[in-house]
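Colleague: Sending over upload.cif (mmCIF, C-alpha atoms).
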data_start
loop_
_atom_site.label_atom_id
_atom_site.label_comp_id
_atom_site.auth_asym_id
_atom_site.auth_seq_id
_atom_site.Cartn_x
_atom_site.Cartn_y
_atom_site.Cartn_z
CA MET C 17 154.04 39.12 191.63
CA ASP C 18 151.07 41.36 192.03
CA PRO C 19 147.96 39.51 190.80
CA GLU C 20 146.62 42.62 189.18
CA THR C 21 149.65 42.93 186.95
CA GLN C 22 149.54 39.28 185.83
CA PRO C 23 148.71 38.79 182.18
CA GLN C 24 145.11 37.72 181.56
CA SER C 25 146.00 34.97 179.10
CA THR C 26 147.81 33.00 181.82
CA ALA C 27 144.68 32.98 183.97
CA ILE C 28 142.55 31.62 181.15
CA ALA C 29 145.01 28.89 180.24
CA THR C 30 145.24 27.55 183.82
CA PRO C 31 143.20 24.34 184.13
CA PRO C 32 140.72 24.00 187.01
CA GLN C 33 142.25 22.86 190.33
CA ASP C 34 139.95 19.88 190.91
CA GLY C 35 141.40 18.12 187.89
CA ALA C 36 138.08 17.69 186.05
CA PHE C 37 138.46 19.03 182.50
CA GLN C 38 135.45 20.80 181.05
CA PRO C 39 135.76 21.95 177.48
CA VAL C 40 134.81 25.59 177.10
CA ILE C 41 134.41 25.48 173.35
CA GLU C 42 132.38 22.82 171.74
CA PRO C 43 134.15 20.94 168.98
CA SER C 44 133.02 22.20 165.67
CA VAL C 45 131.13 19.76 163.60
CA GLU C 46 131.45 20.32 159.90
CA LYS C 47 127.97 20.42 158.45
CA PRO C 48 127.39 19.31 154.88
CA TYR C 49 126.94 22.28 152.49
CA THR C 50 123.39 22.72 151.49
CA GLU C 51 122.28 25.55 149.14
CA LYS C 52 119.86 27.86 150.91
CA PRO C 53 116.75 28.83 148.96
CA LYS C 54 117.28 32.42 147.66
CA SER C 55 115.01 34.99 149.21
CA LYS C 56 113.13 37.19 146.73
CA LEU C 57 113.29 40.08 149.12
CA VAL C 58 117.06 40.61 148.77
CA PRO C 59 117.18 41.62 145.06
CA ILE C 60 114.14 43.87 145.53
CA LEU C 61 115.80 45.64 148.46
CA LEU C 62 119.05 45.88 146.53
CA GLY C 63 117.21 47.37 143.57
CA ILE C 64 115.42 49.93 145.73
CA GLY C 65 118.73 50.81 147.39
CA ILE C 66 120.45 51.33 144.03
CA ILE C 67 117.58 53.48 142.77
CA LEU C 68 117.61 55.56 145.95
CA LEU C 69 121.39 56.02 145.80
CA GLY C 70 121.18 56.92 142.10
CA GLY C 71 118.44 59.45 142.82
CA ILE C 72 120.40 61.05 145.65
CA TYR C 73 123.52 61.19 143.47
CA GLY C 74 121.54 62.71 140.61
CA LEU C 75 119.99 65.35 142.85
CA LEU C 76 123.33 66.25 144.39
CA SER C 77 125.11 66.50 141.04
CA ALA C 78 122.26 68.61 139.59
CA GLN C 79 122.47 70.90 142.62
CA MET C 80 126.22 71.30 142.18
CA GLN C 81 125.98 71.94 138.45
CA LYS C 82 123.30 74.61 138.86
CA PRO C 83 124.78 78.01 138.05
CA LYS C 84 124.73 80.36 140.99
CA THR C 85 123.83 83.39 138.94
CA THR C 86 121.96 83.70 135.67
CA GLN C 87 124.32 84.38 132.82
CA VAL C 88 123.52 87.44 130.79
CA THR C 89 125.06 87.61 127.37
CA THR C 90 125.92 91.07 126.26
CA GLU C 91 127.48 92.31 123.11
CA PRO C 92 131.16 93.08 123.46
CA THR C 93 131.49 96.81 123.44
CA PRO C 94 134.72 98.64 124.07
CA THR C 95 134.33 100.92 127.03
CA VAL C 96 136.76 103.73 127.23
CA GLU C 97 136.61 105.42 130.57
CA PRO C 98 138.19 108.83 130.66
CA THR C 99 141.37 108.59 132.66
CA ILE C 100 141.73 111.26 135.28
CA LEU C 101 145.33 112.28 135.22
CA ILE C 102 146.21 113.47 138.69
CA GLY C 103 148.56 116.41 138.74
CA GLN C 104 148.15 117.24 135.06
CA PRO C 105 146.95 120.83 134.62
CA LEU C 106 143.45 121.19 133.16
CA SER C 107 143.01 123.16 129.96
CA SER C 108 140.92 126.33 129.82
CA ILE C 109 138.24 124.53 127.76
CA ALA C 110 137.61 121.99 130.53
CA SER C 111 135.90 124.59 132.71
CA SER C 112 133.79 126.07 129.91
CA SER C 113 130.03 125.49 129.84
CA ALA C 114 130.24 124.17 126.26
CA PHE C 115 132.63 121.44 127.40
CA THR C 116 130.43 120.46 130.37
CA THR C 117 127.29 120.39 128.22
CA LEU C 118 129.01 118.26 125.61
CA GLU C 119 130.31 115.88 128.25
CA THR C 120 126.76 115.43 129.55
CA SER C 121 125.36 114.83 126.07
CA ILE C 122 128.05 112.23 125.29
CA ALA C 123 127.29 110.47 128.59
CA SER C 124 123.60 110.48 127.66
CA LEU C 125 124.42 109.10 124.20
CA SER C 126 126.52 106.39 125.81
CA ALA C 127 123.63 105.38 128.08
CA SER C 128 121.18 105.33 125.14
CA ILE C 129 123.52 103.14 123.07
CA ASN C 130 123.99 100.71 125.94
CA ALA C 131 120.24 100.52 126.56
CA LEU C 132 119.39 99.70 122.95
CA ASN C 133 118.80 96.02 122.23
CA VAL C 134 118.62 95.49 118.49
CA SER C 135 117.52 91.87 118.81
CA ASP C 136 114.76 92.36 121.38
CA THR C 137 112.94 89.04 121.72
CA THR C 138 109.82 90.55 123.31
CA ILE C 139 108.88 91.97 119.94
CA ASN C 140 109.04 88.58 118.18
CA PRO C 141 105.77 87.36 116.65
CA PRO C 142 103.72 84.54 118.16
CA THR C 143 104.28 81.03 116.87
CA LEU C 144 101.09 79.39 115.66
CA ASP C 145 100.39 75.69 115.54
CA LEU C 146 99.68 75.16 111.85
CA PRO C 147 98.23 73.14 110.08
CA LEU C 148 95.19 71.93 112.04
CA GLY C 149 96.05 68.23 111.83
CA LEU C 150 92.50 67.01 111.29
CA GLU C 151 92.46 63.98 109.07
CA VAL C 152 89.12 64.52 107.40
CA LYS C 153 88.30 62.35 104.41
CA MET H 77 72.27 129.62 150.07
CA ARG H 78 75.48 131.38 149.12
CA GLY H 79 77.50 128.60 150.78
CA LYS H 80 75.65 125.93 148.79
CA THR H 81 76.26 127.74 145.51
CA ALA H 82 79.95 128.06 146.30
CA LEU H 83 80.12 124.34 147.10
CA LEU H 84 78.34 123.48 143.85
CA CYS H 85 80.74 125.68 141.87
CA LEU H 86 83.69 124.03 143.59
CA LEU H 87 82.36 120.55 142.80
CA LEU H 88 81.72 121.48 139.18
CA THR H 89 85.23 122.94 138.82
CA PHE H 90 86.70 119.79 140.36
CA PHE H 91 84.62 117.62 137.99
CA PHE H 92 85.86 119.47 134.89
CA LEU H 93 89.43 119.39 136.08
CA LEU H 94 89.34 115.63 136.54
CA PRO H 95 91.17 113.58 133.87
CA THR H 96 88.78 112.55 131.16
CA GLY H 97 89.72 108.90 131.56
CA GLN H 98 90.53 108.58 127.90
CA VAL H 99 92.66 105.56 127.28
CA PHE H 100 95.61 106.19 125.03
CA ALA H 101 96.72 103.05 123.28
CA THR H 102 100.43 103.01 123.87
CA SER H 103 102.70 100.17 122.91
CA ALA H 104 102.79 99.10 126.57
CA THR H 105 99.01 98.65 126.77
CA ALA H 106 98.96 97.04 123.33
CA TYR H 107 101.66 94.62 124.50
CA LYS H 108 99.63 93.74 127.60
CA ASP H 109 96.61 93.05 125.42
CA TYR H 110 98.74 90.92 123.10
CA LEU H 111 99.99 88.83 126.05
CA TYR H 112 96.41 88.41 127.29
CA GLN H 113 95.27 87.26 123.84
CA PHE H 114 98.24 84.89 123.72
CA ASP H 115 97.14 83.28 127.00
CA LEU H 116 93.63 82.85 125.65
CA TYR H 117 95.03 81.34 122.47
CA ARG H 118 97.10 78.80 124.42
CA THR H 119 94.03 77.73 126.40
CA LYS H 120 91.84 77.39 123.31
CA GLN H 121 94.60 75.63 121.43
CA ASN H 122 94.99 73.09 124.25
CA ASN H 123 91.21 72.51 124.32
CA PHE H 124 91.28 71.90 120.59
CA LYS H 125 94.25 69.53 120.83
CA VAL H 126 92.45 67.40 123.42
CA ALA H 127 89.26 67.37 121.35
CA ARG H 128 91.23 66.54 118.18
CA THR H 129 92.91 63.58 119.88
CA GLU H 130 89.54 62.28 121.09
CA TYR H 131 88.02 62.70 117.64
CA LEU H 132 90.89 61.01 115.79
CA LYS H 133 90.79 58.15 118.29
CA TYR H 134 87.06 57.41 118.56
CA LYS H 135 85.46 59.20 115.59
CA THR H 136 82.19 59.46 117.47
CA LEU H 137 79.58 62.10 116.76
CA LEU H 138 80.12 63.60 120.18
CA SER H 139 83.88 63.87 119.74
CA GLU H 140 83.34 65.38 116.27
CA THR H 141 80.99 68.03 117.66
CA THR H 142 83.44 68.89 120.44
CA ALA H 143 86.30 69.07 117.92
CA LEU H 144 84.22 71.38 115.71
CA ASP H 145 83.35 73.71 118.59
CA THR H 146 86.91 73.90 119.86
CA VAL H 147 88.44 74.38 116.39
CA LYS H 148 86.12 77.31 115.70
CA ALA H 149 87.04 78.91 119.02
CA MET H 150 90.74 78.31 118.37
CA LEU H 151 90.67 79.70 114.80
CA SER H 152 88.84 82.80 115.97
CA GLN H 153 91.36 83.34 118.76
CA GLN H 154 94.24 82.81 116.31
CA ASP H 155 93.03 85.77 114.26
CA GLN H 156 92.47 87.82 117.40
CA LEU H 157 95.99 87.06 118.60
CA LEU H 158 97.59 88.06 115.30
CA ARG H 159 95.51 91.25 115.18
CA SER H 160 96.58 92.22 118.71
CA TYR H 161 100.21 91.58 117.80
CA LEU H 162 99.93 93.74 114.67
CA LEU H 163 98.31 96.49 116.74
CA PHE H 164 101.28 96.31 119.11
CA LEU H 165 103.68 96.72 116.16
CA ASN H 166 101.60 99.62 114.90
CA GLU H 167 101.92 101.37 118.26
CA LYS H 168 105.65 100.72 118.30
CA LEU H 169 105.86 102.42 114.89
CA ASN H 170 103.83 105.38 116.18
CA GLU H 171 106.19 105.81 119.13
CA ASN H 172 109.38 105.43 117.11
CA THR H 173 110.93 108.86 116.71
CA GLY H 174 113.81 107.73 114.50
CA LEU H 175 111.66 106.78 111.51
CA SER H 176 110.49 109.35 109.00
CA SER H 177 106.75 109.72 108.36
CA THR H 178 107.18 108.13 104.92
CA GLU H 179 108.84 105.07 106.42
CA LYS H 180 106.18 104.85 109.13
CA ASN H 181 103.42 105.06 106.52
CA LEU H 182 105.02 102.28 104.49
CA TYR H 183 105.09 99.82 107.37
CA GLN H 184 101.75 100.90 108.78
CA THR H 185 100.18 100.22 105.37
CA LEU H 186 101.70 96.73 105.44
CA ILE H 187 100.17 96.19 108.88
CA GLN H 188 96.77 97.55 107.82
CA ASN H 189 96.69 95.16 104.85
CA GLU H 190 97.41 92.23 107.15
CA VAL H 191 94.74 93.34 109.62
CA LYS H 192 92.23 93.52 106.75
CA PHE H 193 93.15 90.01 105.69
CA LEU H 194 92.67 88.73 109.26
CA GLU H 195 89.30 90.47 109.56
CA THR H 196 88.09 88.86 106.32
CA HIS H 197 89.41 85.52 107.54
CA ALA H 198 87.73 85.90 110.93
CA ALA H 199 84.40 86.62 109.21
CA LEU H 200 84.49 83.14 107.66
CA ILE H 201 84.72 81.30 110.98
CA PRO H 202 81.06 81.56 112.15
CA SER H 203 79.93 79.86 108.93
CA ILE H 204 82.12 76.78 109.51
CA GLY H 205 79.75 73.78 109.64
CA SER H 206 82.09 70.83 109.54
CA LEU H 207 85.67 69.84 110.24
CA ALA H 208 86.34 69.89 106.49
CA ASP H 209 85.18 73.53 106.42
CA ALA H 210 87.46 74.28 109.34
CA THR H 211 90.42 72.76 107.50
CA ASP H 212 89.62 74.85 104.40
CA VAL H 213 89.36 78.07 106.41
CA SER H 214 92.59 77.27 108.23
CA LYS H 215 94.34 76.62 104.92
CA GLN H 216 93.51 80.16 103.82
CA LEU H 217 95.54 81.49 106.73
CA GLU H 218 98.26 78.88 106.23
CA SER H 219 98.75 79.91 102.59
CA HIS H 220 99.00 83.57 103.60
CA TYR H 221 101.07 82.97 106.73
CA LEU H 222 104.48 83.41 105.07
CA VAL H 223 103.46 86.77 103.58
CA LEU H 224 102.24 87.86 106.99
CA GLN H 225 105.47 86.73 108.64
CA ILE H 226 107.55 88.62 106.07
CA SER H 227 105.60 91.83 106.73
CA ILE H 228 106.09 91.35 110.47
CA ARG H 229 109.84 90.73 110.14
CA GLN H 230 110.27 93.78 107.87
CA THR H 231 108.46 95.94 110.41
CA ILE H 232 110.66 94.63 113.25
CA ILE H 233 113.79 95.49 111.29
CA ALA H 234 112.40 98.95 110.47
CA LEU H 235 111.78 99.55 114.18
CA GLY H 236 115.41 98.64 114.89
CA GLN H 237 116.55 100.99 112.16
CA GLY H 238 114.40 103.75 113.65
CA ASP H 239 116.02 103.26 117.06
CA LEU H 240 119.48 103.40 115.50
CA ALA H 241 118.60 106.47 113.44
CA LYS H 242 117.54 108.24 116.63
CA LEU H 243 120.87 107.36 118.23
CA ASN H 244 122.66 108.55 115.12
CA ASN H 245 120.94 111.94 115.43
CA GLU H 246 122.21 112.22 119.01
CA PHE H 247 125.64 111.06 117.84
CA MET H 248 125.79 113.69 115.11
CA THR H 249 124.70 116.45 117.50
CA SER H 250 127.53 115.54 119.87
CA TYR H 251 130.01 115.18 117.02
CA ASN H 252 129.15 118.61 115.58
CA ALA H 253 129.41 120.20 119.01
CA LEU H 254 132.78 118.54 119.52
CA GLN H 255 134.02 119.84 116.17
CA THR H 256 132.86 123.36 117.04
CA LEU H 257 134.50 123.19 120.46
CA ALA H 258 137.80 122.03 118.98
CA LYS H 259 137.74 124.68 116.23
CA SER H 260 136.84 127.58 118.50
CA ASN H 261 139.70 126.75 120.84
CA ALA H 262 142.24 125.85 118.15
CA SER H 263 144.49 128.83 119.00
CA GLY H 264 145.18 127.36 122.43
CA PHE H 265 146.51 124.01 121.15
CA SER H 266 150.06 123.12 120.21
CA PRO H 267 150.54 122.06 116.55
CA GLU H 268 151.05 118.44 117.66
CA LYS H 269 147.87 118.44 119.69
CA GLN H 270 145.93 120.10 116.88
CA GLY H 271 147.14 117.36 114.52
CA THR H 272 145.95 114.66 116.92
CA ILE H 273 142.56 116.38 117.35
CA ASP H 274 142.07 116.60 113.56
CA ARG H 275 143.05 112.97 113.09
CA TRP H 276 140.71 111.75 115.84
CA LEU H 277 137.81 113.83 114.51
CA LEU H 278 138.36 112.22 111.13
CA GLN H 279 138.30 108.76 112.69
CA ILE H 280 135.00 109.53 114.46
CA ASN H 281 133.61 110.70 111.14
CA ASN H 282 134.78 107.47 109.50
CA LYS H 283 132.86 105.42 112.07
CA GLN H 284 129.75 107.44 111.32
CA SER H 285 130.21 106.85 107.57
CA LEU H 286 130.53 103.11 108.17
CA PHE H 287 127.33 103.25 110.23
CA GLN H 288 125.54 105.04 107.40
CA GLN H 289 126.74 102.47 104.84
CA LYS H 290 125.51 99.65 107.07
CA MET H 291 122.10 101.29 107.42
CA THR H 292 121.76 101.54 103.62
CA GLN H 293 122.73 97.88 103.37
CA ILE H 294 120.05 97.00 105.97
CA THR H 295 117.35 98.96 104.11
CA THR H 296 118.11 97.06 100.89
CA ALA H 297 118.27 93.68 102.65
CA ASN H 298 115.03 94.37 104.54
CA SER H 299 113.09 95.04 101.35
CA GLN H 300 114.38 91.75 99.96
CA ILE H 301 113.37 89.49 102.84
CA LYS H 302 111.54 86.54 101.33
CA GLY H 303 111.73 82.77 101.21
CA SER H 304 109.81 79.72 100.18
CA THR H 305 109.70 78.48 103.75
CA GLU H 306 109.52 80.13 107.16
CA SER H 307 112.96 78.78 107.96
CA ASP H 308 114.52 80.45 104.86
CA MET H 309 112.83 83.71 105.72
CA ASN H 310 114.02 83.46 109.33
CA THR H 311 117.62 82.93 108.19
CA MET H 312 117.43 86.15 106.16
CA PHE H 313 115.83 87.98 109.07
CA VAL H 314 118.59 86.87 111.47
CA GLY H 315 121.19 88.06 108.94
CA VAL H 316 119.65 91.53 108.78
CA GLN H 317 119.38 91.63 112.56
CA LYS H 318 123.10 90.87 112.75
CA ASN H 319 123.72 93.88 110.52
CA LEU H 320 121.72 96.03 112.95
CA GLY H 321 124.10 94.87 115.67
CA GLU H 322 127.10 95.82 113.54
CA ALA H 323 125.65 99.26 112.85
CA LYS H 324 125.20 99.76 116.58
CA GLN H 325 128.81 98.69 117.10
CA TYR H 326 130.03 101.48 114.79
CA LEU H 327 128.14 104.04 116.86
CA THR H 328 129.57 102.54 120.05
CA GLU H 329 133.10 102.81 118.72
CA GLY H 330 132.54 106.36 117.46
CA LYS H 331 131.15 107.35 120.87
CA SER H 332 134.24 105.86 122.60
CA TYR H 333 136.49 107.90 120.31
CA MET H 334 134.52 111.02 121.27
CA GLN H 335 135.09 110.27 124.95
CA GLU H 336 138.81 109.88 124.26
CA LEU H 337 138.90 113.18 122.41
CA MET H 338 137.09 114.88 125.28
CA ASN H 339 139.75 113.54 127.59
CA LEU H 340 142.46 114.93 125.31
CA LEU H 341 140.80 118.35 125.37
CA ARG H 342 140.40 118.28 129.16
CA TYR H 343 144.15 118.62 129.82
CA GLN H 344 146.82 121.02 128.63
CA ASN H 345 148.99 119.33 125.97
#
Would you mind giving the structure from this file in structure tokens?
Modeller:
Amino acid sequence: MDPETQPQSTAIATPPQDGAFQPVIEPSVEKPYTEKPKSKLVPILLGIGIILLGGIYGLLSAQMQKPKTTQVTTEPTPTVEPTILIGQPLSSIASSSAFTTLETSIASLSASINALNVSDTTINPPTLDLPLGLEVK
Amino acid sequence: MRGKTALLCLLLTFFFLLPTGQVFATSATAYKDYLYQFDLYRTKQNNFKVARTEYLKYKTLLSETTALDTVKAMLSQQDQLLRSYLLFLNEKLNENTGLSSTEKNLYQTLIQNEVKFLETHAALIPSIGSLADATDVSKQLESHYLVLQISIRQTIIALGQGDLAKLNNEFMTSYNALQTLAKSNASGFSPEKQGTIDRWLLQINNKQSLFQQKMTQITTANSQIKGSTESDMNTMFVGVQKNLGEAKQYLTEGKSYMQELMNLLRYQN
């Protein structure tokens, strides 16, 4: 048998050739259980670790909850876009100047209506800190 | 010599053609001034709060003197801030093209009365000699504050009404032009199409009538804004503001109908 292919466990189990037995592992001696004095450092480190982990978790969750874009609330307004019907013949009015002018004025009206904010907060009055709060007797 | 005279004439012409540098108080400049006064108020208010805390804690002569100085500065700035805000509202009224001159006069008179009150109040501040005096002077403003707030809220609503009235004028111009266009080309429409056009025109008119009714409702509600507390008054104000939003919605819907009608007219049958 090729020595290289021999299993390693066999080599370890073989006793020495000179017959003298030398124990490799010392016999374990069971020591009596004695309670070690608790180090004060361990709870402090644990506490710091928990706080750090909590902080990291808090930061990560806040980062994930942060909205990516600012939400703008707008009043629901129905928007009717004129549908361009392909292939449908245009009427004679459609090419008249009166029609074009009116179309422009309605588009302008639409823009003005959309731009109007009836509850504009910039116009709100300042809030004063009243009364003075001086306890004078 | 001739060259020098020509140069002098040129310089003089240039000088007279230069803008006079007159500052027109627009609402934008008035708003900037208001924001500046607001910043000053915040600073003076914070100074007073610190001095007040010190005074209430230690009651020393030094802390009392500091509290007195800071309260006088704060009260004076309070009046200045309110005056600048009222001036801003006044400019907004001037610029509003939707309000009639009678309506403008009504709200500008309200503002002028409030400015007069603030000027009288501000004149009392230099004579304040003690913290008790300061409390008394402040109470004069406190007792008038609700009246002032009501006038302000009524003016804000009027400005909103003015903006809507201007839009309504534009709306009516477009509506009348649309009616004329439909009538002048009536011979080219089929009876079915003519029926649809008439019906849609009526529906646009209905939206405008609803808008008008809402505006009348707002005018009545605005004149009745009152309340025993600021919170009550604010609730009423928010209610009227909601009505302004509804009035705008009627115009939006009417405008959408007009766009639909334009689309109907664009094509044959």
Colleague: Expanded to explicit residues, what is the PyMOL selection byres ((chain H and resi 187) around 8) for this file, as a list in words?
Modeller: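 Matching residues under the PyMOL selection byres ((chain H and resi 187) around 8) are Leu162, Asn166, Tyr183, Gln184, Thr185, Leu186, Gln188, Asn189, Glu190, Val191, Ser227 and Ile228 of chain H.
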Colleague: Could you list, as JSON, numbers by chain, every residue of chain H that has an atom within 6 Å of an atom of chain C, counting only C-alpha atoms?
Modeller: {"H": [236, 332, 339, 342, 343, 344]}
Colleague: Please produce a file of the residues just selected, as an mmCIF file, keeping the file's coordinate frame, where the atoms kept are C-alpha atoms.
Modeller:
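Contents of again.cif, freshly written:
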data_model
loop_
_atom_site.group_PDB
_atom_site.id
_atom_site.type_symbol
_atom_site.label_atom_id
_atom_site.label_comp_id
_atom_site.auth_asym_id
_atom_site.auth_seq_id
_atom_site.Cartn_x
_atom_site.Cartn_y
_atom_site.Cartn_z
ATOM 1 C CA GLY H 236 115.410 98.640 114.890
ATOM 2 C CA SER H 332 134.240 105.860 122.600
ATOM 3 C CA ASN H 339 139.750 113.540 127.590
ATOM 4 C CA ARG H 342 140.400 118.280 129.160
ATOM 5 C CA TYR H 343 144.150 118.620 129.820
ATOM 6 C CA GLN H 344 146.820 121.020 128.630
#
Colleague: What does the PyMOL selection byres ((chain H and resi 140) around 9) select in this file, as number ranges by chain?
Modeller: H: 127-128, 130-132, 135-139, 141-145, 206-207
Colleague: Take the PyMOL selection byres ((chain H and resi 251-254) around 10), run it mentally on this structure, and tell me the resulting residues as a count of residues only.
Modeller: 29
Colleague: One number please: CA of Ala241 (chain H) to CA of Leu327 (chain H), in Å, one decimal.
Modeller: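 For CA of Ala241 (chain H) relative to CA of Leu327 (chain H), the distance reads 10.4 Å.
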Colleague: Find the spatial neighbours of Thr105 (chain H), counting all atoms listed in the file, within a cut-off of 12 Å - ignore same-chain residues fewer than 6 positions away - and output them as a list of chain:residue names.
Modeller: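 Near neighbours after the sequence-gap exclusion: H:Val99, H:Leu111, H:Tyr112, H:Ser160, H:Tyr161, H:Leu163, H:Phe164, H:Leu165, H:Glu167, H:Lys168.
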Colleague: CA of Ile232 (chain H) and CA of Glu218 (chain H) are how many Å apart?
Modeller: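 Separating CA of Ile232 (chain H) from CA of Glu218 (chain H) is a distance of 21.2 Å.
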Colleague: In Å to one decimal, how far is CA of Gln216 (chain H) from CA of Gln156 (chain H)?
Modeller: 15.6 Å
Colleague: Give the answer as one residue: which of H:Arg229, H:Lys108, H:Lys269, H:His220 has the shortest atom-to-atom distance to Gln300 (chain H), using all atoms listed in the file?
Modeller: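 Looking at the shortest contact to Gln300 (chain H), the residue is H:Arg229.
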Colleague: Write out as an mmCIF file with C-alpha atoms, in the coordinates of the input each polymer residue whose atoms come within 9 Å of Gly303 (chain H), counting only C-alpha atoms; drop sequence neighbours fewer than 3 positions from it.
Modeller:
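Output (around.cif):
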data_model
loop_
_atom_site.group_PDB
_atom_site.id
_atom_site.type_symbol
_atom_site.label_atom_id
_atom_site.label_comp_id
_atom_site.auth_asym_id
_atom_site.auth_seq_id
_atom_site.Cartn_x
_atom_site.Cartn_y
_atom_site.Cartn_z
ATOM 1 C CA LEU H 222 104.480 83.410 105.070
ATOM 2 C CA ILE H 226 107.550 88.620 106.070
ATOM 3 C CA GLU H 306 109.520 80.130 107.160
ATOM 4 C CA SER H 307 112.960 78.780 107.960
ATOM 5 C CA ASP H 308 114.520 80.450 104.860
ATOM 6 C CA MET H 309 112.830 83.710 105.720
ATOM 7 C CA ASN H 310 114.020 83.460 109.330
ATOM 8 C CA MET H 312 117.430 86.150 106.160
#
Colleague: Considering only C-alpha atoms, return as a PyMOL selection string whatever protein or nucleic-acid residues lie within 12 Å of Ser219 (chain H), sequence-local ones (same chain, fewer than 5 positions apart) excluded.
Modeller: (chain C and resi 146-147) or (chain H and resi 193+197+212-214+224-225+304-306)
Colleague: Write out as a short mmCIF file (atom, residue, chain, number, x, y, z; two decimals) with C-alpha atoms, in the coordinates of the input each polymer residue whose atoms come within 9 Å of Asn172 (chain H), counting all atoms listed in the file; drop sequence neighbours fewer than 2 positions from it.
Modeller:
data_model
loop_
_atom_site.label_atom_id
_atom_site.label_comp_id
_atom_site.auth_asym_id
_atom_site.auth_seq_id
_atom_site.Cartn_x
_atom_site.Cartn_y
_atom_site.Cartn_z
CA GLU H 167 101.92 101.37 118.26
CA LYS H 168 105.65 100.72 118.30
CA LEU H 169 105.86 102.42 114.89
CA ASN H 170 103.83 105.38 116.18
CA GLY H 174 113.81 107.73 114.50
CA LEU H 175 111.66 106.78 111.51
CA LYS H 180 106.18 104.85 109.13
CA LEU H 235 111.78 99.55 114.18
CA GLY H 238 114.40 103.75 113.65
CA ASP H 239 116.02 103.26 117.06
CA LYS H 242 117.54 108.24 116.63
#
